[in-house]
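Undergrad: This is the structure I want to talk about, given as structure tokens.
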Amino acid sequence: VIADLGVTSDEAKRKELLGQAQKILADDAVVGFLYELPKIGVWDAKLQGLWENAPIQANDLTKVKWSE
């Protein structure tokens with residue numbers, strides 16, 4: 001697939017080949033999460049939208065809001 005990408009200039013064909021490459025990578029990738037740190041925090045009960053046990057160490061505040 002990668003070799004074909006190197007000799008193909010047709011945009012539609014390249015998109016198809018990149019999709020195939022991505023599928024191969026996703027199917028063949030070995031991923032194992034051995035440990036995930038819990039997210040321990042204390043906040044006001046009226047604050048909604050904070051993730052519990054978020055997959056990242058940062059706080060995603062895009063959907064955080066105060067409830068009435």
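We name chains A, B, ... following the order of the structure tokens; residues begin at 1 in each chain, and ligands are numbered from 1 as shown.
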Pull the strand (DSSP E or B) assignments for chain A out of DSSP run on the backbone, and list those residues as a list in words.

TA: Leu47, Gln48, Lys65 and Trp66 of chain A

Undergrad: Residues of chain A in helix (DSSP H, G or I) according to DSSP, as a short mmCIF file (atom, residue, chain, number, x, y, z; two decimals) with N, CA and C atoms, in the first residue's frame?

TA:
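Just written: part-v2.cif:
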```
data_model
loop_
_atom_site.label_atom_id
_atom_site.label_comp_id
_atom_site.auth_asym_id
_atom_site.auth_seq_id
_atom_site.Cartn_x
_atom_site.Cartn_y
_atom_site.Cartn_z
N ILE A 2 1.89 1.28 0.83
CA ILE A 2 2.78 2.44 0.91
C ILE A 2 3.55 2.62 -0.39
N ALA A 3 3.98 1.52 -0.98
CA ALA A 3 4.70 1.60 -2.26
C ALA A 3 3.80 2.19 -3.34
N ASP A 4 2.53 1.80 -3.36
CA ASP A 4 1.58 2.35 -4.33
C ASP A 4 1.37 3.84 -4.10
N LEU A 5 1.37 4.27 -2.84
CA LEU A 5 1.23 5.70 -2.54
C LEU A 5 2.37 6.51 -3.13
N GLY A 6 3.55 5.92 -3.16
CA GLY A 6 4.72 6.63 -3.68
C GLY A 6 4.69 6.87 -5.18
N VAL A 7 3.85 6.13 -5.90
CA VAL A 7 3.82 6.28 -7.37
C VAL A 7 2.46 6.75 -7.87
N GLU A 11 -5.69 11.90 -6.64
CA GLU A 11 -6.12 12.22 -5.28
C GLU A 11 -7.10 11.20 -4.71
N ALA A 12 -8.05 10.75 -5.50
CA ALA A 12 -9.04 9.78 -5.03
C ALA A 12 -8.37 8.44 -4.70
N LYS A 13 -7.44 8.02 -5.55
CA LYS A 13 -6.73 6.76 -5.32
C LYS A 13 -5.85 6.86 -4.08
N ARG A 14 -5.19 8.02 -3.90
CA ARG A 14 -4.36 8.21 -2.71
C ARG A 14 -5.20 8.16 -1.44
N LYS A 15 -6.39 8.76 -1.50
CA LYS A 15 -7.28 8.73 -0.34
C LYS A 15 -7.67 7.30 0.00
N GLU A 16 -7.98 6.52 -1.03
CA GLU A 16 -8.34 5.11 -0.84
C GLU A 16 -7.16 4.33 -0.24
N LEU A 17 -5.96 4.55 -0.78
CA LEU A 17 -4.77 3.85 -0.28
C LEU A 17 -4.45 4.25 1.16
N LEU A 18 -4.59 5.52 1.48
CA LEU A 18 -4.35 5.96 2.85
C LEU A 18 -5.36 5.34 3.81
N GLY A 19 -6.60 5.20 3.37
CA GLY A 19 -7.62 4.53 4.18
C GLY A 19 -7.25 3.07 4.43
N GLN A 20 -6.74 2.40 3.39
CA GLN A 20 -6.31 1.01 3.54
C GLN A 20 -5.14 0.91 4.52
N ALA A 21 -4.19 1.82 4.39
CA ALA A 21 -3.03 1.82 5.29
C ALA A 21 -3.47 2.05 6.74
N GLN A 22 -4.39 2.97 6.93
CA GLN A 22 -4.88 3.26 8.28
C GLN A 22 -5.58 2.05 8.87
N LYS A 23 -6.37 1.34 8.06
CA LYS A 23 -7.07 0.15 8.53
C LYS A 23 -6.07 -0.94 8.91
N ILE A 24 -5.04 -1.12 8.10
CA ILE A 24 -4.01 -2.12 8.40
C ILE A 24 -3.34 -1.79 9.74
N LEU A 25 -2.99 -0.52 9.92
CA LEU A 25 -2.36 -0.12 11.18
C LEU A 25 -3.28 -0.35 12.37
N ALA A 26 -4.55 -0.01 12.23
CA ALA A 26 -5.50 -0.18 13.33
C ALA A 26 -5.72 -1.65 13.65
N ASP A 27 -5.77 -2.49 12.62
CA ASP A 27 -6.00 -3.92 12.83
C ASP A 27 -4.78 -4.61 13.44
N ASP A 28 -3.59 -4.18 13.05
CA ASP A 28 -2.37 -4.86 13.48
C ASP A 28 -1.73 -4.27 14.73
#
```

Undergrad: If you count only C-alpha atoms, which residues fall within 12 Å of Ala45 (chain A), apart from same-chain ones fewer than 5 positions away, as a list in words?

TA: Leu50, Lys65, Trp66, Ser67 and Glu68 of chain A

Undergrad: Could you work out how far CA of Thr62 (chain A) lies from CA of Leu47 (chain A), giving the answer in Å with one decimal?

TA: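 Taking CA of Leu47 (chain A) and CA of Thr62 (chain A), their separation equals 12.7 Å.
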